[in-house]
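Everything below belongs to start_20.pdb, which stores PDB, C-alpha atoms.
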ATOM      1  CA  LEU A   1     -28.300 -16.445  -7.274  1.00  0.00           C
ATOM      2  CA  GLN A   2     -27.756 -13.407  -5.068  1.00  0.00           C
ATOM      3  CA  HIS A   3     -24.952 -13.697  -2.510  1.00  0.00           C
ATOM      4  CA  VAL A   4     -22.321 -11.933  -0.450  1.00  0.00           C
ATOM      5  CA  ALA A   5     -18.895 -12.283  -2.047  1.00  0.00           C
ATOM      6  CA  ARG A   6     -15.595 -12.601  -0.239  1.00  0.00           C
ATOM      7  CA  VAL A   7     -12.157 -11.657  -1.508  1.00  0.00           C
ATOM      8  CA  GLU A   8      -8.842 -12.189   0.297  1.00  0.00           C
ATOM      9  CA  VAL A   9      -5.947  -9.759   0.626  1.00  0.00           C
ATOM     10  CA  LYS A  10      -3.094 -11.809   2.081  1.00  0.00           C
ATOM     11  CA  GLY A  11       0.616 -11.239   2.358  1.00  0.00           C
ATOM     12  CA  VAL A  12       2.619  -8.404   0.872  1.00  0.00           C
ATOM     13  CA  ILE A  13       0.575  -6.104  -1.350  1.00  0.00           C
ATOM     14  CA  THR A  14       2.079  -5.451  -4.774  1.00  0.00           C
ATOM     15  CA  GLN A  15       0.712  -4.450  -8.159  1.00  0.00           C
ATOM     16  CA  ASN A  16      -1.739  -7.343  -8.404  1.00  0.00           C
ATOM     17  CA  ALA A  17      -3.829  -6.693 -11.502  1.00  0.00           C
ATOM     18  CA  ASN A  18      -5.712  -9.991 -11.090  1.00  0.00           C
ATOM     19  CA  LEU A  19      -6.866  -9.092  -7.581  1.00  0.00           C
ATOM     20  CA  VAL A  20      -7.905  -5.604  -8.680  1.00  0.00           C
ATOM     21  CA  ARG A  21      -9.853  -7.050 -11.646  1.00  0.00           C
ATOM     22  CA  THR A  22     -11.535  -9.588  -9.368  1.00  0.00           C
ATOM     23  CA  ILE A  23     -12.629  -6.871  -6.940  1.00  0.00           C
ATOM     24  CA  GLU A  24     -13.902  -4.634  -9.743  1.00  0.00           C
ATOM     25  CA  ALA A  25     -15.811  -7.577 -11.290  1.00  0.00           C
ATOM     26  CA  LEU A  26     -17.556  -8.164  -7.955  1.00  0.00           C
ATOM     27  CA  GLY A  27     -18.669  -4.548  -8.036  1.00  0.00           C
ATOM     28  CA  ARG A  28     -20.252  -5.039 -11.471  1.00  0.00           C
ATOM     29  CA  ASN A  29     -21.818  -8.414 -10.721  1.00  0.00           C
ATOM     30  CA  ARG A  30     -25.566  -7.894 -10.157  1.00  0.00           C
ATOM     31  CA  ASN A  31     -25.792 -11.095  -8.114  1.00  0.00           C
ATOM     32  CA  VAL A  32     -23.258  -9.845  -5.571  1.00  0.00           C
ATOM     33  CA  ARG A  33     -25.176  -7.962  -2.865  1.00  0.00           C
ATOM     34  CA  ALA A  34     -22.119  -7.040  -0.728  1.00  0.00           C
ATOM     35  CA  VAL A  35     -18.395  -7.709  -0.564  1.00  0.00           C
ATOM     36  CA  ILE A  36     -16.345  -8.866   2.410  1.00  0.00           C
ATOM     37  CA  VAL A  37     -12.625  -8.118   2.083  1.00  0.00           C
ATOM     38  CA  THR A  38     -10.668 -10.452   4.352  1.00  0.00           C
ATOM     39  CA  ILE A  39      -7.275  -8.926   5.146  1.00  0.00           C
ATOM     40  CA  ASP A  40      -4.103 -10.349   6.631  1.00  0.00           C
ATOM     41  CA  SER A  41      -1.300  -8.173   5.306  1.00  0.00           C
ATOM     42  CA  PRO A  42       1.687  -6.267   6.676  1.00  0.00           C
ATOM     43  CA  GLY A  43       1.379  -3.827   3.765  1.00  0.00           C
ATOM     44  CA  GLY A  44       3.352  -3.472   0.591  1.00  0.00           C
ATOM     45  CA  THR A  45       3.999  -1.012  -2.164  1.00  0.00           C
ATOM     46  CA  VAL A  46       2.287   2.357  -2.226  1.00  0.00           C
ATOM     47  CA  ALA A  47       1.175   1.918  -5.841  1.00  0.00           C
ATOM     48  CA  GLY A  48      -0.183  -1.584  -5.221  1.00  0.00           C
ATOM     49  CA  SER A  49      -2.022  -0.402  -2.111  1.00  0.00           C
ATOM     50  CA  GLU A  50      -3.466   2.571  -3.975  1.00  0.00           C
ATOM     51  CA  ALA A  51      -4.743   0.334  -6.794  1.00  0.00           C
ATOM     52  CA  LEU A  52      -6.387  -1.967  -4.259  1.00  0.00           C
ATOM     53  CA  TYR A  53      -7.920   0.963  -2.341  1.00  0.00           C
ATOM     54  CA  THR A  54      -9.276   2.503  -5.546  1.00  0.00           C
ATOM     55  CA  ALA A  55     -10.862  -0.789  -6.649  1.00  0.00           C
ATOM     56  CA  ILE A  56     -12.474  -1.277  -3.235  1.00  0.00           C
ATOM     57  CA  ARG A  57     -13.808   2.303  -3.256  1.00  0.00           C
ATOM     58  CA  ARG A  58     -15.391   1.683  -6.691  1.00  0.00           C
ATOM     59  CA  VAL A  59     -17.179  -1.371  -5.319  1.00  0.00           C
ATOM     60  CA  ALA A  60     -18.202   0.527  -2.160  1.00  0.00           C
ATOM     61  CA  ALA A  61     -19.858   3.152  -4.349  1.00  0.00           C
ATOM     62  CA  ALA A  62     -22.205   0.458  -5.667  1.00  0.00           C
ATOM     63  CA  LYS A  63     -22.742  -1.924  -2.750  1.00  0.00           C
ATOM     64  CA  PRO A  64     -21.874  -2.476   0.917  1.00  0.00           C
ATOM     65  CA  THR A  65     -18.285  -3.465   1.709  1.00  0.00           C
ATOM     66  CA  VAL A  66     -16.751  -4.737   4.936  1.00  0.00           C
ATOM     67  CA  ALA A  67     -13.130  -5.418   5.843  1.00  0.00           C
ATOM     68  CA  VAL A  68     -12.450  -8.308   8.198  1.00  0.00           C
ATOM     69  CA  VAL A  69      -8.958  -8.112   9.658  1.00  0.00           C
ATOM     70  CA  GLU A  70      -7.883 -11.645  10.481  1.00  0.00           C
ATOM     71  CA  GLY A  71      -4.471 -10.879  11.932  1.00  0.00           C
ATOM     72  CA  THR A  72      -2.832  -7.794  10.508  1.00  0.00           C
ATOM     73  CA  ALA A  73      -3.917  -4.884   8.341  1.00  0.00           C
ATOM     74  CA  ALA A  74      -0.874  -2.679   8.622  1.00  0.00           C
ATOM     75  CA  SER A  75       0.209   0.068   6.262  1.00  0.00           C
ATOM     76  CA  GLY A  76      -1.054  -0.994   2.805  1.00  0.00           C
ATOM     77  CA  GLY A  77      -3.322  -3.560   4.475  1.00  0.00           C
ATOM     78  CA  TYR A  78      -4.870  -0.700   6.418  1.00  0.00           C
ATOM     79  CA  ILE A  79      -5.231   1.302   3.181  1.00  0.00           C
ATOM     80  CA  ALA A  80      -7.281  -1.598   1.800  1.00  0.00           C
ATOM     81  CA  ALA A  81      -9.351  -1.787   4.992  1.00  0.00           C
ATOM     82  CA  ILE A  82     -10.233   1.910   5.056  1.00  0.00           C
ATOM     83  CA  GLY A  83     -11.451   1.581   1.483  1.00  0.00           C
ATOM     84  CA  THR A  84     -14.423  -0.405   2.788  1.00  0.00           C
ATOM     85  CA  ASP A  85     -17.534   0.935   4.510  1.00  0.00           C
ATOM     86  CA  HIS A  86     -16.828  -0.837   7.799  1.00  0.00           C
ATOM     87  CA  ILE A  87     -13.860  -2.552   9.468  1.00  0.00           C
ATOM     88  CA  VAL A  88     -14.207  -5.558  11.773  1.00  0.00           C
ATOM     89  CA  THR A  89     -11.203  -6.777  13.781  1.00  0.00           C
ATOM     90  CA  ARG A  90     -10.472  -9.306  16.462  1.00  0.00           C
ATOM     91  CA  GLU A  91      -9.377  -7.992  19.841  1.00  0.00           C
ATOM     92  CA  THR A  92      -5.845  -9.070  18.990  1.00  0.00           C
ATOM     93  CA  SER A  93      -5.780  -7.885  15.371  1.00  0.00           C
ATOM     94  CA  ILE A  94      -3.268  -5.244  14.403  1.00  0.00           C
ATOM     95  CA  ALA A  95      -4.896  -2.567  12.261  1.00  0.00           C
ATOM     96  CA  GLY A  96      -3.176   0.691  11.468  1.00  0.00           C
ATOM     97  CA  SER A  97       0.462   1.662  11.060  1.00  0.00           C
ATOM     98  CA  ILE A  98       0.194   4.780   8.976  1.00  0.00           C
ATOM     99  CA  GLY A  99       3.568   5.287   7.373  1.00  0.00           C
ATOM    100  CA  VAL A 100       5.762   4.899   4.323  1.00  0.00           C
ATOM    101  CA  VAL A 101       9.293   3.549   4.237  1.00  0.00           C
ATOM    102  CA  ALA A 102      11.961   2.973   1.627  1.00  0.00           C
ATOM    103  CA  GLN A 103      14.807   0.693   2.575  1.00  0.00           C
ATOM    104  CA  PHE A 104      17.892  -0.190   0.631  1.00  0.00           C
ATOM    105  CA  PRO A 105      21.086  -1.970   1.582  1.00  0.00           C
ATOM    106  CA  ASN A 106      24.364  -0.117   1.679  1.00  0.00           C
ATOM    107  CA  VAL A 107      27.116  -2.631   0.961  1.00  0.00           C
ATOM    108  CA  VAL A 108      29.794  -0.089  -0.005  1.00  0.00           C
ATOM    109  CA  ARG A 109      32.174  -1.040   2.839  1.00  0.00           C
ATOM    110  CA  LEU A 110      31.699  -4.739   2.147  1.00  0.00           C
ATOM    111  CA  LEU A 111      32.558  -4.249  -1.520  1.00  0.00           C
ATOM    112  CA  ASP A 112      35.601  -2.171  -0.531  1.00  0.00           C
ATOM    113  CA  THR A 113      36.734  -4.976   1.774  1.00  0.00           C
ATOM    114  CA  LEU A 114      36.359  -7.489  -1.047  1.00  0.00           C
ATOM    115  CA  GLY A 115      38.078  -5.183  -3.504  1.00  0.00           C
ATOM    116  CA  VAL A 116      35.012  -4.851  -5.711  1.00  0.00           C
ATOM    117  CA  ARG A 117      34.223  -1.559  -7.387  1.00  0.00           C
ATOM    118  CA  VAL A 118      30.965  -0.934  -9.223  1.00  0.00           C
ATOM    119  CA  GLU A 119      31.000   1.436 -12.186  1.00  0.00           C
ATOM    120  CA  ALA A 120      27.904   3.192 -13.504  1.00  0.00           C
ATOM    121  CA  ILE A 121      27.063   5.375 -16.461  1.00  0.00           C
ATOM    122  CA  ARG A 122      23.880   7.352 -15.917  1.00  0.00           C
ATOM    123  CA  SER A 123      21.680   9.429 -18.150  1.00  0.00           C
ATOM    124  CA  SER A 124      21.076  11.750 -15.184  1.00  0.00           C
ATOM    125  CA  PRO A 125      22.658  12.104 -11.727  1.00  0.00           C
ATOM    126  CA  LEU A 126      19.734  10.517  -9.857  1.00  0.00           C
ATOM    127  CA  LYS A 127      19.136   7.585 -12.224  1.00  0.00           C
ATOM    128  CA  ALA A 128      19.119   4.280 -10.284  1.00  0.00           C
ATOM    129  CA  MET A 129      19.782   6.016  -6.985  1.00  0.00           C
ATOM    130  CA  PRO A 130      20.051   4.896  -4.289  1.00  0.00           C
ATOM    131  CA  SER A 131      21.919   1.885  -5.551  1.00  0.00           C
ATOM    132  CA  GLY A 132      23.347   0.351  -2.389  1.00  0.00           C
ATOM    133  CA  VAL A 133      26.681  -0.329  -4.075  1.00  0.00           C
ATOM    134  CA  GLU A 134      27.918   3.256  -3.952  1.00  0.00           C
ATOM    135  CA  PRO A 135      27.439   6.100  -1.483  1.00  0.00           C
ATOM    136  CA  THR A 136      24.077   7.824  -1.783  1.00  0.00           C
ATOM    137  CA  SER A 137      24.413  11.501  -2.618  1.00  0.00           C
ATOM    138  CA  PRO A 138      22.615  14.133  -0.553  1.00  0.00           C
ATOM    139  CA  GLU A 139      20.606  15.011  -3.691  1.00  0.00           C
ATOM    140  CA  ALA A 140      19.454  11.403  -4.089  1.00  0.00           C
ATOM    141  CA  LEU A 141      18.476  11.207  -0.423  1.00  0.00           C
ATOM    142  CA  ALA A 142      16.543  14.483  -0.728  1.00  0.00           C
ATOM    143  CA  ALA A 143      14.686  13.218  -3.821  1.00  0.00           C
ATOM    144  CA  LEU A 144      13.796   9.947  -2.098  1.00  0.00           C
ATOM    145  CA  ARG A 145      12.701  11.816   1.036  1.00  0.00           C
ATOM    146  CA  GLU A 146      10.377  13.937  -1.130  1.00  0.00           C
ATOM    147  CA  ILE A 147       8.808  10.833  -2.679  1.00  0.00           C
ATOM    148  CA  ILE A 148       8.288   9.266   0.747  1.00  0.00           C
ATOM    149  CA  THR A 149       6.791  12.504   2.088  1.00  0.00           C
ATOM    150  CA  ASP A 150       4.391  12.777  -0.876  1.00  0.00           C
ATOM    151  CA  SER A 151       3.249   9.178  -0.361  1.00  0.00           C
ATOM    152  CA  TYR A 152       2.853   9.713   3.381  1.00  0.00           C
ATOM    153  CA  ASP A 153       0.806  12.879   2.787  1.00  0.00           C
ATOM    154  CA  TRP A 154      -1.492  10.909   0.450  1.00  0.00           C
ATOM    155  CA  PHE A 155      -1.821   8.135   3.041  1.00  0.00           C
ATOM    156  CA  GLN A 156      -2.674  10.601   5.815  1.00  0.00           C
ATOM    157  CA  ARG A 157      -5.171  12.370   3.575  1.00  0.00           C
ATOM    158  CA  ILE A 158      -7.170   9.230   2.776  1.00  0.00           C
ATOM    159  CA  VAL A 159      -7.141   8.098   6.418  1.00  0.00           C
ATOM    160  CA  LYS A 160      -8.298  11.555   7.506  1.00  0.00           C
ATOM    161  CA  ASP A 161     -11.047  11.606   4.868  1.00  0.00           C
ATOM    162  CA  ARG A 162     -12.278   8.034   5.389  1.00  0.00           C
ATOM    163  CA  ARG A 163     -12.170   8.198   9.190  1.00  0.00           C
ATOM    164  CA  GLY A 164     -13.566  11.736   9.434  1.00  0.00           C
ATOM    165  CA  LEU A 165     -10.550  13.040  11.337  1.00  0.00           C
ATOM    166  CA  SER A 166      -9.079  16.504  11.579  1.00  0.00           C
ATOM    167  CA  ASP A 167      -5.413  17.246  10.919  1.00  0.00           C
ATOM    168  CA  ASP A 168      -4.736  17.339  14.664  1.00  0.00           C
ATOM    169  CA  GLN A 169      -6.405  13.988  15.278  1.00  0.00           C
TER     170      GLN A 169
END

Before anything else, please render the file you have as structure tokens.
Amino acid sequence: LQHVARVEVKGVITQNANLVRTIEALGRNRNVRAVIVTIDSPGGTVAGSEALYTAIRRVAAAKPTVAVVEGTAASGGYIAAIGTDHIVTRETSIAGSIGVVAQFPNVVRLLDTLGVRVEAIRSSPLKAMPSGVEPTSPEALAALREIITDSYDWFQRIVKDRRGLSDDQ
């Protein structure tokens, strides 16, 4: 029986192989005429968002896709939304937030106060950095900044391509 399928993207987006497989199966299913992707997500990991986007783009190559933003499609949620052919939002939905962030706690002073010292043996200077339990070196911060910048550039590129925007826009 031919039908329109619906799949939900809710909560924090991570590497969810089951969701990706489900989306890809909908793309292959001859009875599925179109796919609605219902989204309510503040985002998540870059890799998880990329996997979701790629799966949605594969489906969109074969049949119509629509994102319905129920509440929020921010960051990785927005990546999923722009993978579809069309985005529908409520007037009060939040859709967008193009950015990448890496956060980590720095509890060095707390550990000093408690008299706790963490030792580490590394195979290379940047292994397991930043750790949060020891000061982050300028080299580790530079490496992390480069990763964030690369991810942000990728994010901007797909938004620009999918939305038909110029660099200035």

Between atom CA of A:Gly96 and atom CA of A:Ser75, distance in Å (one decimal):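 A separation of 6.2 Å between them.
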
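Across the structure, atom CA of A:Ala128 and atom CA of A:Gly44 are spaced 20.7 Å apart.
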
Pick from A:Asn29, A:Gln15, A:Thr22, A:Thr84, whichever lies nearest to A:Ala60 using only C-alpha atoms: A:Thr84

Per-residue nearest contacts stretch 18-135 of chain A to stretch 3-6 of chain A, cut-off 9 Å, using all atoms listed in the file, as CSV:
residue,atom,partner,partner_atom,distance
A:Leu26,CA,A:Ala5,CA,7.3
A:Asn31,CA,A:His3,CA,6.2
A:Val32,CA,A:His3,CA,5.2
A:Arg33,CA,A:Val4,CA,5.5
A:Ala34,CA,A:Val4,CA,4.9
A:Val35,CA,A:Ala5,CA,4.8
A:Ile36,CA,A:Arg6,CA,4.6
A:Val37,CA,A:Arg6,CA,5.9
A:Thr38,CA,A:Arg6,CA,7.1

Coordinates-based distance that separates atom CA of A:Gln156 from atom CA of A:Tyr53 (Å, one decimal): 13.7 Å

What would stretch 75-86 of chain A look like with all heavy atoms restored, written as an mmCIF file, in the frame of the given file?
data_model
loop_
_atom_site.group_PDB
_atom_site.id
_atom_site.type_symbol
_atom_site.label_atom_id
_atom_site.label_comp_id
_atom_site.auth_asym_id
_atom_site.auth_seq_id
_atom_site.Cartn_x
_atom_site.Cartn_y
_atom_site.Cartn_z
ATOM 1 N N SER A 75 -0.253 -0.723 7.401
ATOM 2 C CA SER A 75 0.209 0.068 6.262
ATOM 3 C C SER A 75 -0.704 -0.150 5.056
ATOM 4 O O SER A 75 -1.853 0.248 5.085
ATOM 5 C CB SER A 75 1.678 -0.248 5.972
ATOM 6 O OG SER A 75 2.261 0.760 5.192
ATOM 7 N N GLY A 76 -0.227 -0.768 3.984
ATOM 8 C CA GLY A 76 -1.054 -0.994 2.805
ATOM 9 C C GLY A 76 -2.271 -1.864 3.089
ATOM 10 O O GLY A 76 -3.311 -1.724 2.445
ATOM 11 N N GLY A 77 -2.167 -2.768 4.053
ATOM 12 C CA GLY A 77 -3.322 -3.560 4.475
ATOM 13 C C GLY A 77 -4.386 -2.677 5.098
ATOM 14 O O GLY A 77 -5.584 -2.874 4.909
ATOM 15 N N TYR A 78 -3.943 -1.658 5.830
ATOM 16 C CA TYR A 78 -4.870 -0.700 6.418
ATOM 17 C C TYR A 78 -5.480 0.186 5.333
ATOM 18 O O TYR A 78 -6.667 0.526 5.400
ATOM 19 C CB TYR A 78 -4.165 0.144 7.482
ATOM 20 C CG TYR A 78 -5.087 1.099 8.204
ATOM 21 C CD1 TYR A 78 -6.205 0.634 8.883
ATOM 22 C CD2 TYR A 78 -4.843 2.455 8.196
ATOM 23 C CE1 TYR A 78 -7.060 1.509 9.546
ATOM 24 C CE2 TYR A 78 -5.683 3.341 8.858
ATOM 25 C CZ TYR A 78 -6.794 2.859 9.523
ATOM 26 O OH TYR A 78 -7.633 3.730 10.170
ATOM 27 N N ILE A 79 -4.690 0.534 4.307
ATOM 28 C CA ILE A 79 -5.231 1.302 3.181
ATOM 29 C C ILE A 79 -6.388 0.531 2.542
ATOM 30 O O ILE A 79 -7.433 1.095 2.234
ATOM 31 C CB ILE A 79 -4.134 1.619 2.148
ATOM 32 C CG1 ILE A 79 -3.141 2.640 2.727
ATOM 33 C CG2 ILE A 79 -4.738 2.145 0.845
ATOM 34 C CD1 ILE A 79 -1.915 2.881 1.854
ATOM 35 N N ALA A 80 -6.204 -0.771 2.358
ATOM 36 C CA ALA A 80 -7.281 -1.598 1.800
ATOM 37 C C ALA A 80 -8.490 -1.591 2.735
ATOM 38 O O ALA A 80 -9.628 -1.440 2.285
ATOM 39 C CB ALA A 80 -6.786 -3.021 1.568
ATOM 40 N N ALA A 81 -8.249 -1.734 4.026
ATOM 41 C CA ALA A 81 -9.351 -1.787 4.992
ATOM 42 C C ALA A 81 -10.158 -0.494 4.999
ATOM 43 O O ALA A 81 -11.394 -0.533 5.008
ATOM 44 C CB ALA A 81 -8.815 -2.086 6.393
ATOM 45 N N ILE A 82 -9.481 0.651 4.988
ATOM 46 C CA ILE A 82 -10.233 1.910 5.056
ATOM 47 C C ILE A 82 -10.959 2.217 3.747
ATOM 48 O O ILE A 82 -11.790 3.128 3.713
ATOM 49 C CB ILE A 82 -9.364 3.115 5.487
ATOM 50 C CG1 ILE A 82 -8.253 3.391 4.487
ATOM 51 C CG2 ILE A 82 -8.853 2.934 6.894
ATOM 52 C CD1 ILE A 82 -7.483 4.664 4.767
ATOM 53 N N GLY A 83 -10.690 1.437 2.714
ATOM 54 C CA GLY A 83 -11.451 1.581 1.483
ATOM 55 C C GLY A 83 -12.868 1.044 1.608
ATOM 56 O O GLY A 83 -13.750 1.418 0.847
ATOM 57 N N THR A 84 -13.096 0.185 2.595
ATOM 58 C CA THR A 84 -14.423 -0.405 2.788
ATOM 59 C C THR A 84 -15.296 0.512 3.628
ATOM 60 O O THR A 84 -14.831 1.490 4.207
ATOM 61 C CB THR A 84 -14.318 -1.788 3.476
ATOM 62 O OG1 THR A 84 -13.826 -1.622 4.802
ATOM 63 C CG2 THR A 84 -13.426 -2.739 2.687
ATOM 64 N N ASP A 85 -16.572 0.153 3.720
ATOM 65 C CA ASP A 85 -17.534 0.935 4.510
ATOM 66 C C ASP A 85 -17.381 0.710 6.004
ATOM 67 O O ASP A 85 -17.730 1.575 6.812
ATOM 68 C CB ASP A 85 -18.973 0.561 4.117
ATOM 69 C CG ASP A 85 -19.262 0.847 2.662
ATOM 70 O OD1 ASP A 85 -18.821 1.896 2.159
ATOM 71 O OD2 ASP A 85 -19.940 0.012 2.024
ATOM 72 N N HIS A 86 -16.895 -0.468 6.385
ATOM 73 C CA HIS A 86 -16.828 -0.837 7.799
ATOM 74 C C HIS A 86 -15.664 -1.794 8.004
ATOM 75 O O HIS A 86 -15.402 -2.641 7.148
ATOM 76 C CB HIS A 86 -18.154 -1.496 8.215
ATOM 77 C CG HIS A 86 -18.288 -1.737 9.667
ATOM 78 N ND1 HIS A 86 -18.529 -0.730 10.576
ATOM 79 C CD2 HIS A 86 -18.196 -2.880 10.378
ATOM 80 C CE1 HIS A 86 -18.590 -1.246 11.788
ATOM 81 N NE2 HIS A 86 -18.395 -2.554 11.705
#
